[in-house]
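Trainee: I am attaching a structure below and will ask some questions about it afterwards.
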Amino acid sequence: VIGGRVICNELHRQGIMTLRQVVLDYKFTRKYLTPQHITGYHVWSIWMVRQMRKGKFVKFWKHVAGHRANEIAYIYGERDNKLCNRVEH
(Lines give C-alpha, C1' and ligand atoms only; values in the text may rest on other atoms or scores of the structure.)
Protein backbone atom coordinates (compact mmCIF):
# COMPACT_ATOMS: atom_id res chain seq x y z
CA VAL A 1 0.00 0.00 0.00
CA ILE A 2 1.40 3.35 -1.02
CA GLY A 3 0.45 6.41 0.99
CA GLY A 4 -3.09 5.40 1.82
CA ARG A 5 -4.29 5.65 -1.79
CA VAL A 6 -6.89 2.95 -1.44
CA ILE A 7 -8.58 2.84 -4.86
CA CYS A 8 -5.40 3.49 -6.86
CA ASN A 9 -3.61 0.77 -4.91
CA GLU A 10 -6.41 -1.65 -5.71
CA LEU A 11 -6.30 -0.72 -9.41
CA HIS A 12 -2.53 -1.28 -9.31
CA ARG A 13 -3.03 -4.63 -7.57
CA GLN A 14 -5.41 -5.61 -10.38
CA GLY A 15 -2.85 -4.57 -13.00
CA ILE A 16 -4.87 -1.60 -14.24
CA MET A 17 -2.66 1.25 -13.00
CA THR A 18 1.12 1.37 -13.12
CA LEU A 19 3.25 1.88 -10.04
CA ARG A 20 4.37 5.23 -11.49
CA GLN A 21 0.76 6.40 -11.75
CA VAL A 22 0.12 5.46 -8.14
CA VAL A 23 3.30 7.21 -6.97
CA LEU A 24 2.37 10.41 -8.84
CA ASP A 25 -1.12 10.27 -7.33
CA TYR A 26 0.40 9.97 -3.87
CA LYS A 27 2.75 12.91 -4.58
CA PHE A 28 -0.21 15.01 -5.76
CA THR A 29 -2.29 14.02 -2.73
CA ARG A 30 0.47 14.97 -0.27
CA LYS A 31 0.94 18.34 -1.93
CA TYR A 32 -2.68 19.41 -2.47
CA LEU A 33 -5.01 17.55 -0.08
CA THR A 34 -5.42 18.08 3.64
CA PRO A 35 -5.54 15.28 6.23
CA GLN A 36 -9.27 16.01 6.49
CA HIS A 37 -9.70 15.33 2.75
CA ILE A 38 -7.84 12.05 3.08
CA THR A 39 -9.85 10.97 6.12
CA GLY A 40 -13.08 11.68 4.25
CA TYR A 41 -11.82 9.71 1.26
CA HIS A 42 -11.05 6.72 3.47
CA VAL A 43 -14.59 6.78 4.94
CA TRP A 44 -16.04 5.57 1.63
CA SER A 45 -13.08 4.24 -0.37
CA ILE A 46 -12.30 1.28 1.88
CA TRP A 47 -15.84 0.00 1.36
CA MET A 48 -15.47 0.66 -2.38
CA VAL A 49 -12.33 -1.48 -2.61
CA ARG A 50 -14.20 -4.35 -0.98
CA GLN A 51 -16.77 -4.03 -3.77
CA MET A 52 -14.05 -3.82 -6.42
CA ARG A 53 -12.56 -7.08 -5.17
CA LYS A 54 -15.96 -8.65 -5.93
CA GLY A 55 -15.71 -7.28 -9.47
CA LYS A 56 -18.04 -4.34 -8.94
CA PHE A 57 -17.32 -0.76 -10.07
CA VAL A 58 -13.90 -1.68 -11.54
CA LYS A 59 -14.72 -0.31 -15.02
CA PHE A 60 -16.00 2.91 -13.49
CA TRP A 61 -12.88 3.44 -11.38
CA LYS A 62 -10.60 2.46 -14.26
CA HIS A 63 -12.22 5.26 -16.25
CA VAL A 64 -12.11 7.86 -13.45
CA ALA A 65 -8.62 6.98 -12.23
CA GLY A 66 -7.30 6.88 -15.78
CA HIS A 67 -8.39 10.45 -16.40
CA ARG A 68 -7.03 11.53 -13.01
CA ALA A 69 -3.70 9.79 -13.64
CA ASN A 70 -3.38 11.52 -17.01
CA GLU A 71 -4.17 14.92 -15.48
CA ILE A 72 -1.64 14.42 -12.68
CA ALA A 73 1.02 13.23 -15.14
CA TYR A 74 0.35 16.37 -17.20
CA ILE A 75 0.66 18.58 -14.09
CA TYR A 76 4.03 17.02 -13.27
CA GLY A 77 5.27 17.33 -16.85
CA GLU A 78 5.23 13.61 -17.59
CA ARG A 79 2.60 13.84 -20.31
CA ASP A 80 2.35 16.28 -23.20
CA ASN A 81 -1.37 15.90 -23.69
CA LYS A 82 -3.77 15.73 -20.76
CA LEU A 83 -6.67 14.76 -23.04
CA CYS A 84 -5.52 11.19 -23.48
CA ASN A 85 -8.04 9.03 -21.59
CA ARG A 86 -6.26 5.69 -21.64
CA VAL A 87 -4.70 4.13 -18.53
CA GLU A 88 -1.22 3.02 -19.51
CA HIS A 89 -0.36 -0.63 -18.91
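Residue numbers start at 1 in each chain; chains themselves are named A, B, ... in the order of the C-alpha coordinates; ligands are numbered from 1 in the order shown.
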Find the spatial neighbours of Gln21 in chain A, counting only C-alpha atoms, within a cut-off of 12 Å - ignore same-chain residues fewer than 2 positions away - and output them as an mmCIF file with N, CA, C and O atoms, in the first residue's frame.
Mentor:
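Just written: around-v4.cif:
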data_model
loop_
_atom_site.group_PDB
_atom_site.id
_atom_site.type_symbol
_atom_site.label_atom_id
_atom_site.label_comp_id
_atom_site.auth_asym_id
_atom_site.auth_seq_id
_atom_site.Cartn_x
_atom_site.Cartn_y
_atom_site.Cartn_z
ATOM 1 N N ILE A 2 0.605 2.139 -0.909
ATOM 2 C CA ILE A 2 1.402 3.354 -1.016
ATOM 3 C C ILE A 2 0.577 4.527 -0.529
ATOM 4 O O ILE A 2 -0.441 4.868 -1.114
ATOM 5 N N ARG A 5 -3.488 5.462 -0.581
ATOM 6 C CA ARG A 5 -4.287 5.653 -1.788
ATOM 7 C C ARG A 5 -5.022 4.362 -2.071
ATOM 8 O O ARG A 5 -4.546 3.497 -2.793
ATOM 9 N N CYS A 8 -6.521 3.611 -5.920
ATOM 10 C CA CYS A 8 -5.398 3.489 -6.858
ATOM 11 C C CYS A 8 -4.552 2.259 -6.541
ATOM 12 O O CYS A 8 -4.096 1.568 -7.454
ATOM 13 N N ASN A 9 -4.347 1.979 -5.270
ATOM 14 C CA ASN A 9 -3.608 0.770 -4.911
ATOM 15 C C ASN A 9 -4.338 -0.476 -5.382
ATOM 16 O O ASN A 9 -3.712 -1.426 -5.856
ATOM 17 N N LEU A 11 -6.429 -0.665 -7.948
ATOM 18 C CA LEU A 11 -6.299 -0.718 -9.409
ATOM 19 C C LEU A 11 -4.901 -1.172 -9.808
ATOM 20 O O LEU A 11 -4.733 -1.912 -10.788
ATOM 21 N N HIS A 12 -3.894 -0.789 -9.050
ATOM 22 C CA HIS A 12 -2.533 -1.277 -9.311
ATOM 23 C C HIS A 12 -2.452 -2.777 -9.024
ATOM 24 O O HIS A 12 -1.881 -3.536 -9.818
ATOM 25 N N GLY A 15 -3.604 -4.733 -11.763
ATOM 26 C CA GLY A 15 -2.851 -4.573 -12.999
ATOM 27 C C GLY A 15 -3.396 -3.503 -13.936
ATOM 28 O O GLY A 15 -3.036 -3.455 -15.108
ATOM 29 N N ILE A 16 -4.240 -2.633 -13.419
ATOM 30 C CA ILE A 16 -4.869 -1.597 -14.244
ATOM 31 C C ILE A 16 -4.056 -0.307 -14.231
ATOM 32 O O ILE A 16 -3.932 0.356 -15.252
ATOM 33 N N MET A 17 -3.503 0.062 -13.100
ATOM 34 C CA MET A 17 -2.656 1.253 -13.004
ATOM 35 C C MET A 17 -1.214 0.832 -12.793
ATOM 36 O O MET A 17 -0.946 -0.185 -12.150
ATOM 37 N N THR A 18 -0.300 1.643 -13.315
ATOM 38 C CA THR A 18 1.121 1.371 -13.122
ATOM 39 C C THR A 18 1.558 1.892 -11.749
ATOM 40 O O THR A 18 0.899 2.757 -11.160
ATOM 41 N N LEU A 19 2.683 1.390 -11.299
ATOM 42 C CA LEU A 19 3.248 1.878 -10.042
ATOM 43 C C LEU A 19 3.554 3.368 -10.156
ATOM 44 O O LEU A 19 3.315 4.133 -9.224
ATOM 45 N N VAL A 23 2.336 6.346 -7.658
ATOM 46 C CA VAL A 23 3.302 7.212 -6.971
ATOM 47 C C VAL A 23 3.007 8.685 -7.260
ATOM 48 O O VAL A 23 3.019 9.521 -6.344
ATOM 49 N N LEU A 24 2.704 9.020 -8.513
ATOM 50 C CA LEU A 24 2.371 10.405 -8.840
ATOM 51 C C LEU A 24 1.090 10.843 -8.139
ATOM 52 O O LEU A 24 0.982 11.979 -7.674
ATOM 53 N N ASP A 25 0.117 9.948 -8.042
ATOM 54 C CA ASP A 25 -1.125 10.267 -7.330
ATOM 55 C C ASP A 25 -0.832 10.557 -5.862
ATOM 56 O O ASP A 25 -1.358 11.510 -5.293
ATOM 57 N N TYR A 26 0.029 9.760 -5.264
ATOM 58 C CA TYR A 26 0.403 9.974 -3.872
ATOM 59 C C TYR A 26 1.114 11.326 -3.707
ATOM 60 O O TYR A 26 0.820 12.089 -2.783
ATOM 61 N N LYS A 27 2.026 11.633 -4.626
ATOM 62 C CA LYS A 27 2.749 12.906 -4.582
ATOM 63 C C LYS A 27 1.757 14.077 -4.676
ATOM 64 O O LYS A 27 1.849 15.041 -3.910
ATOM 65 N N PHE A 28 0.802 13.978 -5.590
ATOM 66 C CA PHE A 28 -0.212 15.012 -5.761
ATOM 67 C C PHE A 28 -1.063 15.150 -4.494
ATOM 68 O O PHE A 28 -1.332 16.253 -4.021
ATOM 69 N N ALA A 65 -10.033 6.930 -12.634
ATOM 70 C CA ALA A 65 -8.624 6.978 -12.227
ATOM 71 C C ALA A 65 -7.710 7.185 -13.433
ATOM 72 O O ALA A 65 -6.659 7.819 -13.305
ATOM 73 N N GLY A 66 -8.098 6.668 -14.579
ATOM 74 C CA GLY A 66 -7.301 6.877 -15.783
ATOM 75 C C GLY A 66 -7.228 8.347 -16.149
ATOM 76 O O GLY A 66 -6.157 8.881 -16.454
ATOM 77 N N HIS A 67 -8.369 9.014 -16.111
ATOM 78 C CA HIS A 67 -8.387 10.450 -16.398
ATOM 79 C C HIS A 67 -7.593 11.224 -15.339
ATOM 80 O O HIS A 67 -6.843 12.150 -15.663
ATOM 81 N N ARG A 68 -7.766 10.844 -14.086
ATOM 82 C CA ARG A 68 -7.034 11.525 -13.013
ATOM 83 C C ARG A 68 -5.528 11.301 -13.158
ATOM 84 O O ARG A 68 -4.741 12.234 -13.013
ATOM 85 N N ALA A 69 -5.130 10.090 -13.466
ATOM 86 C CA ALA A 69 -3.700 9.789 -13.643
ATOM 87 C C ALA A 69 -3.115 10.598 -14.796
ATOM 88 O O ALA A 69 -1.989 11.112 -14.692
ATOM 89 N N ASN A 70 -3.865 10.729 -15.874
ATOM 90 C CA ASN A 70 -3.385 11.521 -17.012
ATOM 91 C C ASN A 70 -3.255 12.997 -16.639
ATOM 92 O O ASN A 70 -2.295 13.659 -17.028
ATOM 93 N N GLU A 71 -4.217 13.519 -15.913
ATOM 94 C CA GLU A 71 -4.170 14.916 -15.480
ATOM 95 C C GLU A 71 -2.972 15.157 -14.562
ATOM 96 O O GLU A 71 -2.246 16.145 -14.716
ATOM 97 N N ILE A 72 -2.757 14.265 -13.609
ATOM 98 C CA ILE A 72 -1.640 14.417 -12.681
ATOM 99 C C ILE A 72 -0.310 14.301 -13.422
ATOM 100 O O ILE A 72 0.619 15.076 -13.174
ATOM 101 N N ALA A 73 -0.204 13.355 -14.351
ATOM 102 C CA ALA A 73 1.023 13.227 -15.144
ATOM 103 C C ALA A 73 1.271 14.504 -15.943
ATOM 104 O O ALA A 73 2.416 14.962 -16.056
ATOM 105 N N TYR A 74 0.225 15.104 -16.466
ATOM 106 C CA TYR A 74 0.349 16.371 -17.196
ATOM 107 C C TYR A 74 0.841 17.480 -16.263
ATOM 108 O O TYR A 74 1.744 18.243 -16.612
ATOM 109 N N TYR A 76 2.630 17.236 -13.625
ATOM 110 C CA TYR A 76 4.034 17.018 -13.269
ATOM 111 C C TYR A 76 4.962 16.922 -14.481
ATOM 112 O O TYR A 76 6.122 16.542 -14.351
ATOM 113 N N GLU A 78 4.914 14.948 -17.091
ATOM 114 C CA GLU A 78 5.230 13.612 -17.589
ATOM 115 C C GLU A 78 4.310 13.192 -18.733
ATOM 116 O O GLU A 78 4.347 12.058 -19.180
ATOM 117 N N ARG A 79 3.483 14.113 -19.190
ATOM 118 C CA ARG A 79 2.597 13.837 -20.312
ATOM 119 C C ARG A 79 2.410 15.147 -21.066
ATOM 120 O O ARG A 79 2.167 16.183 -20.471
ATOM 121 N N VAL A 87 -5.616 4.497 -19.609
ATOM 122 C CA VAL A 87 -4.703 4.133 -18.531
ATOM 123 C C VAL A 87 -3.589 3.306 -19.163
ATOM 124 O O VAL A 87 -3.840 2.327 -19.866
ATOM 125 N N GLU A 88 -2.365 3.733 -18.953
ATOM 126 C CA GLU A 88 -1.223 3.018 -19.508
ATOM 127 C C GLU A 88 -1.031 1.699 -18.779
ATOM 128 O O GLU A 88 -1.198 1.599 -17.575
ATOM 129 N N HIS A 89 -0.666 0.671 -19.515
ATOM 130 C CA HIS A 89 -0.361 -0.634 -18.914
ATOM 131 C C HIS A 89 1.111 -0.904 -19.006
ATOM 132 O O HIS A 89 1.776 -0.582 -19.900
#
Trainee: What residues in chain A get the DSSP label alpha helix (DSSP H)? Please answer as a PyMOL selection string.
Mentor: chain A and resi 6-13+19-32+35-52+58-75
Trainee: Could you list, as a list in words, every residue within 8 Å of range 43-55 of chain A, counting only C-alpha atoms and ignoring same-chain residues fewer than 5 positions away?
Mentor: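 Once the nearby chain positions are removed, what remains is Val6, Ile7 and Glu10 of chain A.
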Trainee: Just give me the gap between CA of Tyr41 in chain A and CA of Val64 in chain A in Å, one decimal is fine.
Mentor: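 Computing the Euclidean distance for CA of Tyr41 in chain A and CA of Val64 in chain A yields 14.8 Å.
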Trainee: I'd like the interatomic distance between CA of Gln14 in chain A and CA of Pro35 in chain A, to a tenth of an Å.
Mentor: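 Interatomic distance, CA of Gln14 in chain A to CA of Pro35 in chain A: 26.7 Å.
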